[in-house]
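Everything below belongs to input_34.pdb, which stores PDB, C-alpha atoms.
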MODEL        1
ATOM      1  CA  MET A   1      90.837  99.467  78.800
ATOM      2  CA  ASP A   2      91.329 102.529  76.570
ATOM      3  CA  THR A   3      94.205 105.008  76.928
ATOM      4  CA  ARG A   4      92.104 107.685  78.658
ATOM      5  CA  SER A   5      90.753 105.247  81.262
ATOM      6  CA  CYS A   6      94.225 103.877  81.863
ATOM      7  CA  THR A   7      95.629 107.408  82.315
ATOM      8  CA  LEU A   8      92.850 108.326  84.768
ATOM      9  CA  TRP A   9      93.340 105.070  86.666
ATOM     10  CA  PHE A  10      97.078 105.577  87.038
ATOM     11  CA  GLY A  11      96.649 109.292  87.866
ATOM     12  CA  ARG A  12      94.266 108.489  90.714
ATOM     13  CA  ARG A  13      96.575 105.723  91.877
ATOM     14  CA  ALA A  14      99.478 108.197  92.053
ATOM     15  CA  VAL A  15      97.547 110.469  94.428
ATOM     16  CA  VAL A  16      96.423 107.548  96.565
ATOM     17  CA  TRP A  17      99.951 106.165  96.507
ATOM     18  CA  ALA A  18     101.389 109.397  97.891
ATOM     19  CA  VAL A  19      98.852 109.526 100.712
ATOM     20  CA  ALA A  20      99.272 105.843 101.484
ATOM     21  CA  VAL A  21     103.045 106.230 101.669
ATOM     22  CA  CYS A  22     102.539 108.912 104.305
ATOM     23  CA  LEU A  23     100.188 106.638 106.261
ATOM     24  CA  VAL A  24     102.575 103.723 106.097
ATOM     25  CA  GLY A  25     105.401 106.010 107.138
ATOM     26  CA  LEU A  26     103.401 106.946 110.205
ATOM     27  CA  CYS A  27     102.876 103.281 110.981
ATOM     28  CA  TYR A  28     106.272 101.840 110.325
ATOM     29  CA  CYS A  29     108.697 104.752 110.265
ATOM     30  CA  GLY A  30     110.880 102.567 108.067
ATOM     31  CA  LYS A  31     111.185 100.852 104.723
ATOM     32  CA  THR A  32     108.614  98.662 103.088
ATOM     33  CA  THR A  33     109.815  95.743 101.026
ATOM     34  CA  SER A  34     107.119  95.648  98.400
ATOM     35  CA  SER A  35     106.538  98.055  95.554
ATOM     36  CA  PHE A  36     102.808  98.024  96.156
ATOM     37  CA  ALA A  37     102.865  97.833  99.950
ATOM     38  CA  ALA A  38     101.556 101.331 100.633
ATOM     39  CA  GLU A  39      98.251 100.976  98.852
ATOM     40  CA  ARG A  40      97.863  97.426 100.112
ATOM     41  CA  GLU A  41      98.213  98.702 103.667
ATOM     42  CA  ILE A  42      94.803 100.264 103.205
ATOM     43  CA  VAL A  43      92.825  97.944 100.907
ATOM     44  CA  GLY A  44      94.852  94.741 101.018
ATOM     45  CA  VAL A  45      94.622  92.320  98.137
ATOM     46  CA  LEU A  46      91.948  94.499  96.503
ATOM     47  CA  ALA A  47      94.790  96.730  95.301
ATOM     48  CA  ILE A  48      96.036  93.815  93.213
ATOM     49  CA  ALA A  49      92.566  92.896  91.941
ATOM     50  CA  ALA A  50      92.004  96.483  90.759
ATOM     51  CA  GLU A  51      95.105  96.538  88.563
ATOM     52  CA  PRO A  52      93.883  96.499  84.958
ATOM     53  CA  ASP A  53      95.902  93.452  83.872
ATOM     54  CA  VAL A  54      94.939  91.453  86.971
ATOM     55  CA  ALA A  55      91.266  92.438  86.701
ATOM     56  CA  GLU A  56      91.319  91.204  83.131
ATOM     57  CA  SER A  57      93.033  87.922  84.029
ATOM     58  CA  LEU A  58      90.459  87.382  86.787
ATOM     59  CA  GLY A  59      87.680  87.940  84.271
ATOM     60  CA  LEU A  60      86.094  90.734  86.294
ATOM     61  CA  THR A  61      82.983  92.185  84.718
ATOM     62  CA  ASP A  62      82.608  95.928  84.262
ATOM     63  CA  ASN A  63      80.134  95.885  87.150
ATOM     64  CA  GLN A  64      82.603  94.062  89.414
ATOM     65  CA  ARG A  65      85.380  96.490  88.481
ATOM     66  CA  THR A  66      83.158  99.474  89.207
ATOM     67  CA  GLN A  67      81.975  98.109  92.546
ATOM     68  CA  LEU A  68      85.506  97.110  93.510
ATOM     69  CA  GLN A  69      86.808 100.589  92.698
ATOM     70  CA  GLU A  70      84.004 102.174  94.737
ATOM     71  CA  ILE A  71      84.970 100.035  97.738
ATOM     72  CA  ILE A  72      88.645 100.916  97.315
ATOM     73  CA  ASP A  73      87.869 104.627  97.017
ATOM     74  CA  ARG A  74      85.666 104.555 100.113
ATOM     75  CA  TYR A  75      88.241 102.776 102.265
ATOM     76  CA  GLU A  76      91.063 104.989 101.028
ATOM     77  CA  SER A  77      88.949 108.023 101.976
ATOM     78  CA  ASP A  78      88.347 106.472 105.387
ATOM     79  CA  ALA A  79      92.099 106.027 105.785
ATOM     80  CA  LEU A  80      92.699 109.672 104.906
ATOM     81  CA  GLU A  81      90.176 110.749 107.517
ATOM     82  CA  MET A  82      91.804 108.401 110.014
ATOM     83  CA  ALA A  83      95.339 109.699 109.358
ATOM     84  CA  ALA A  84      95.198 112.573 111.837
ATOM     85  CA  SER A  85      94.032 110.343 114.671
ATOM     86  CA  LEU A  86      96.785 107.810 113.936
ATOM     87  CA  ARG A  87      99.496 110.275 114.929
ATOM     88  CA  ASP A  88      98.583 110.019 118.597
ATOM     89  CA  LEU A  89      98.825 106.218 118.655
ATOM     90  CA  THR A  90     101.785 103.918 119.170
ATOM     91  CA  PRO A  91     103.167 102.188 116.059
ATOM     92  CA  ASP A  92     101.504  98.923 117.109
ATOM     93  CA  GLN A  93      98.167 100.654 117.617
ATOM     94  CA  ARG A  94      98.470 102.339 114.196
ATOM     95  CA  ARG A  95      99.256  99.016 112.528
ATOM     96  CA  GLU A  96      96.239  97.411 114.206
ATOM     97  CA  LYS A  97      93.897 100.245 113.147
ATOM     98  CA  LEU A  98      95.052  99.962 109.533
ATOM     99  CA  ALA A  99      94.877  96.163 109.686
ATOM    100  CA  ALA A 100      91.266  96.343 110.873
ATOM    101  CA  LEU A 101      90.403  98.749 108.054
ATOM    102  CA  ARG A 102      92.179  96.491 105.545
ATOM    103  CA  ARG A 103      90.311  93.389 106.779
ATOM    104  CA  GLU A 104      86.971  95.182 106.391
ATOM    105  CA  ALA A 105      87.851  96.362 102.876
ATOM    106  CA  GLU A 106      89.025  92.909 101.812
ATOM    107  CA  LYS A 107      85.936  91.217 103.228
ATOM    108  CA  GLU A 108      83.636  93.576 101.354
ATOM    109  CA  GLY A 109      85.608  93.496  98.111
ATOM    110  CA  LEU A 110      86.217  89.746  98.013
ATOM    111  CA  ALA A 111      82.485  89.174  98.442
ATOM    112  CA  LEU A 112      82.075  90.577  94.913
ATOM    113  CA  LEU A 113      84.240  87.839  93.408
ATOM    114  CA  SER A 114      83.357  84.284  92.527
ATOM    115  CA  ILE A 115      85.150  81.409  94.228
ATOM    116  CA  GLN A 116      87.270  80.924  91.106
ATOM    117  CA  GLN A 117      88.163  84.615  90.937
ATOM    118  CA  ARG A 118      89.161  84.659  94.611
ATOM    119  CA  ALA A 119      91.340  81.571  94.112
ATOM    120  CA  LYS A 120      93.062  83.103  91.090
ATOM    121  CA  LEU A 121      93.589  86.370  92.971
ATOM    122  CA  GLU A 122      95.156  84.467  95.866
ATOM    123  CA  GLN A 123      97.495  82.714  93.410
ATOM    124  CA  THR A 124      98.492  86.075  91.961
ATOM    125  CA  ARG A 125      99.164  87.464  95.443
ATOM    126  CA  LEU A 126     101.293  84.459  96.378
ATOM    127  CA  LYS A 127     103.311  84.681  93.150
ATOM    128  CA  ARG A 128     104.077  88.320  93.831
ATOM    129  CA  GLU A 129     105.013  87.830  97.455
ATOM    130  CA  GLY A 130     107.157  84.761  96.845
ATOM    131  CA  LEU A 131     108.911  83.449  99.937
ATOM    132  CA  SER A 132     107.534  86.377 101.950
ATOM    133  CA  ALA A 133     104.056  84.858 101.637
ATOM    134  CA  LEU A 134     105.145  82.005 103.888
ATOM    135  CA  VAL A 135     105.349  84.401 106.829
ATOM    136  CA  ASP A 136     101.561  84.788 106.570
ATOM    137  CA  SER A 137     100.285  82.604 109.395
ATOM    138  CA  SER A 138      97.202  81.436 107.493
ATOM    139  CA  LEU A 139      99.319  80.143 104.600
ATOM    140  CA  ALA A 140     101.878  78.641 106.975
ATOM    141  CA  ASP A 141      99.027  76.888 108.784
ATOM    142  CA  ARG A 142      97.612  75.531 105.508
ATOM    143  CA  LEU A 143     101.055  74.199 104.625
ATOM    144  CA  ASN A 144     101.466  72.731 108.120
ATOM    145  CA  LEU A 145     104.792  74.488 108.618
ATOM    146  CA  SER A 146     106.423  73.747 111.953
ATOM    147  CA  ALA A 147     107.562  76.485 114.320
ATOM    148  CA  ASP A 148     111.164  75.732 113.311
ATOM    149  CA  GLN A 149     110.317  76.077 109.618
ATOM    150  CA  ARG A 150     108.546  79.383 110.249
ATOM    151  CA  THR A 151     111.526  80.665 112.233
ATOM    152  CA  ARG A 152     113.932  79.590 109.491
ATOM    153  CA  ILE A 153     111.829  81.340 106.838
ATOM    154  CA  ARG A 154     111.829  84.557 108.877
ATOM    155  CA  GLU A 155     115.608  84.303 109.281
ATOM    156  CA  LEU A 156     116.072  83.775 105.538
ATOM    157  CA  LEU A 157     113.871  86.761 104.766
ATOM    158  CA  GLU A 158     115.828  88.926 107.206
ATOM    159  CA  LYS A 159     119.108  87.840 105.582
ATOM    160  CA  ARG A 160     117.656  88.563 102.150
ATOM    161  CA  GLU A 161     116.552  92.021 103.296
ATOM    162  CA  GLU A 162     120.029  92.702 104.694
ATOM    163  CA  ALA A 163     121.623  91.570 101.419
ATOM    164  CA  VAL A 164     119.266  93.732  99.351
ATOM    165  CA  THR A 165     119.969  96.721 101.585
ATOM    166  CA  ALA A 166     123.725  96.143 101.273
ATOM    167  CA  VAL A 167     123.498  95.989  97.472
ATOM    168  CA  GLU A 168     121.327  99.117  97.384
ATOM    169  CA  ASP A 169     123.767 100.944  99.676
ATOM    170  CA  GLU A 170     126.715  99.870  97.528
ATOM    171  CA  ALA A 171     124.942 100.970  94.347
ATOM    172  CA  GLU A 172     124.159 104.342  95.915
ATOM    173  CA  ALA A 173     127.789 104.747  97.013
ATOM    174  CA  ASP A 174     128.962 103.905  93.473
ATOM    175  CA  ARG A 175     126.530 106.423  92.022
ATOM    176  CA  LEU A 176     127.760 109.132  94.399
ATOM    177  CA  ARG A 177     131.416 108.378  93.559
ATOM    178  CA  ARG A 178     130.665 108.771  89.853
ATOM    179  CA  GLU A 179     128.986 112.159  90.341
TER     180      GLU A 179
ENDMDL
END

Translate this file's structure into structure tokens.
Amino acid sequence: MDTRSCTLWFGRRAVVWAVAVCLVGLCYCGKTTSSFAAEREIVGVLAIAAEPDVAESLGLTDNQRTQLQEIIDRYESDALEMAASLRDLTPDQRREKLAALRREAEKEGLALLSIQQRAKLEQTRLKREGLSALVDSSLADRLNLSADQRTRIRELLEKREEAVTAVEDEAEADRLRRE
């Protein structure tokens, strides 16, 4: 990918990112734990597949990249149009609306990929999510995790989130003391 294409790609992503953050804020009214969570709230794993380095590692053709980007753009536009109507819904209803949109986008986008490309994309997603991926019921089912194991994983993730928040709060307090 040349410098101009990369600049355009990241520029468009910045606009979409800002809008997606607003949508996610409407849905969760709280923090997200992933650096790419906002965009993924709309297009799911397609957001990962569209990243230039991931697209290259997946071996996506120019045609696949173009079609994938068209799908992403369309669903992000749909989400923007949907944003006003989301305000009148409960947080659970908003999450479900976005989840339905995300499932549709993923289904359409993943259909463009070969079996091998989908498998490699899933591996990339799991690597990025780490332990958090185990909360996904489909992965937990594939791994035959018991209810106790799933509960323990959730507890560990909650403790990790609390620890991260405490460290962030302490770092912010240190920064403010130094100013």

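Taking CA of Ile48 in chain A as the reference point, CA of Arg95 in chain A is found at 20.3 Å.
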
Worksheet item: Residues at most 12 Å from Arg150 in chain A, counting all atoms listed in the file, excluding those fewer than 2 positions away in the same chain, as a PyMOL selection string?
Response: chain A and resi 131-141+143-148+152-157

Quick one: residues within 12 Å of Ala100 in chain A, all atoms listed in the file counted, chain neighbours fewer than 4 positions away excluded, as a CSV table (one decimal) with C-alpha atoms, keeping the file's coordinate frame?
chain,number,residue,atom,x,y,z
A,41,GLU,CA,98.2,98.7,103.7
A,42,ILE,CA,94.8,100.3,103.2
A,43,VAL,CA,92.8,97.9,100.9
A,44,GLY,CA,94.9,94.7,101.0
A,75,TYR,CA,88.2,102.8,102.3
A,78,ASP,CA,88.3,106.5,105.4
A,79,ALA,CA,92.1,106.0,105.8
A,93,GLN,CA,98.2,100.7,117.6
A,94,ARG,CA,98.5,102.3,114.2
A,95,ARG,CA,99.3,99.0,112.5
A,96,GLU,CA,96.2,97.4,114.2
A,104,GLU,CA,87.0,95.2,106.4
A,105,ALA,CA,87.9,96.4,102.9
A,106,GLU,CA,89.0,92.9,101.8
A,107,LYS,CA,85.9,91.2,103.2

Worksheet, complete the sentence: Restricting to only C-alpha atoms, whichever of A:Lys127, A:Arg74, A:Arg142, A:Arg65 is closest to Leu110 in chain A is A:Arg65

Fill in: Contacts of Ala55 in chain A within 12 Å, only C-alpha atoms, excl. fewer than 3 positions in-chain, as number ranges by chain
A: 1, 45-52, 58-66, 68-69, 113, 117-118, 120-121, 124

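Between CA of Ala83 in chain A and CA of Ala111 in chain A lies a distance of 26.6 Å.
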
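Nearest-residue note for Leu112 in chain A: choosing from A:Ala84, A:Leu126, A:Leu98, A:Ile71, the minimum distance belongs to A:Ile71, counting only C-alpha atoms.
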
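The coordinates place CA of Glu122 in chain A at 18.1 Å from CA of Ala99 in chain A.
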
Emit as AutoDock Vina command-line options the padded axis-aligned box for all listed atoms of range 114-124 of chain A, 3 Å per side, with centre and edge lengths in Å to one decimal.
--center_x 90.9 --center_y 83.6 --center_z 93.4 --size_x 21.1 --size_y 11.4 --size_z 10.9
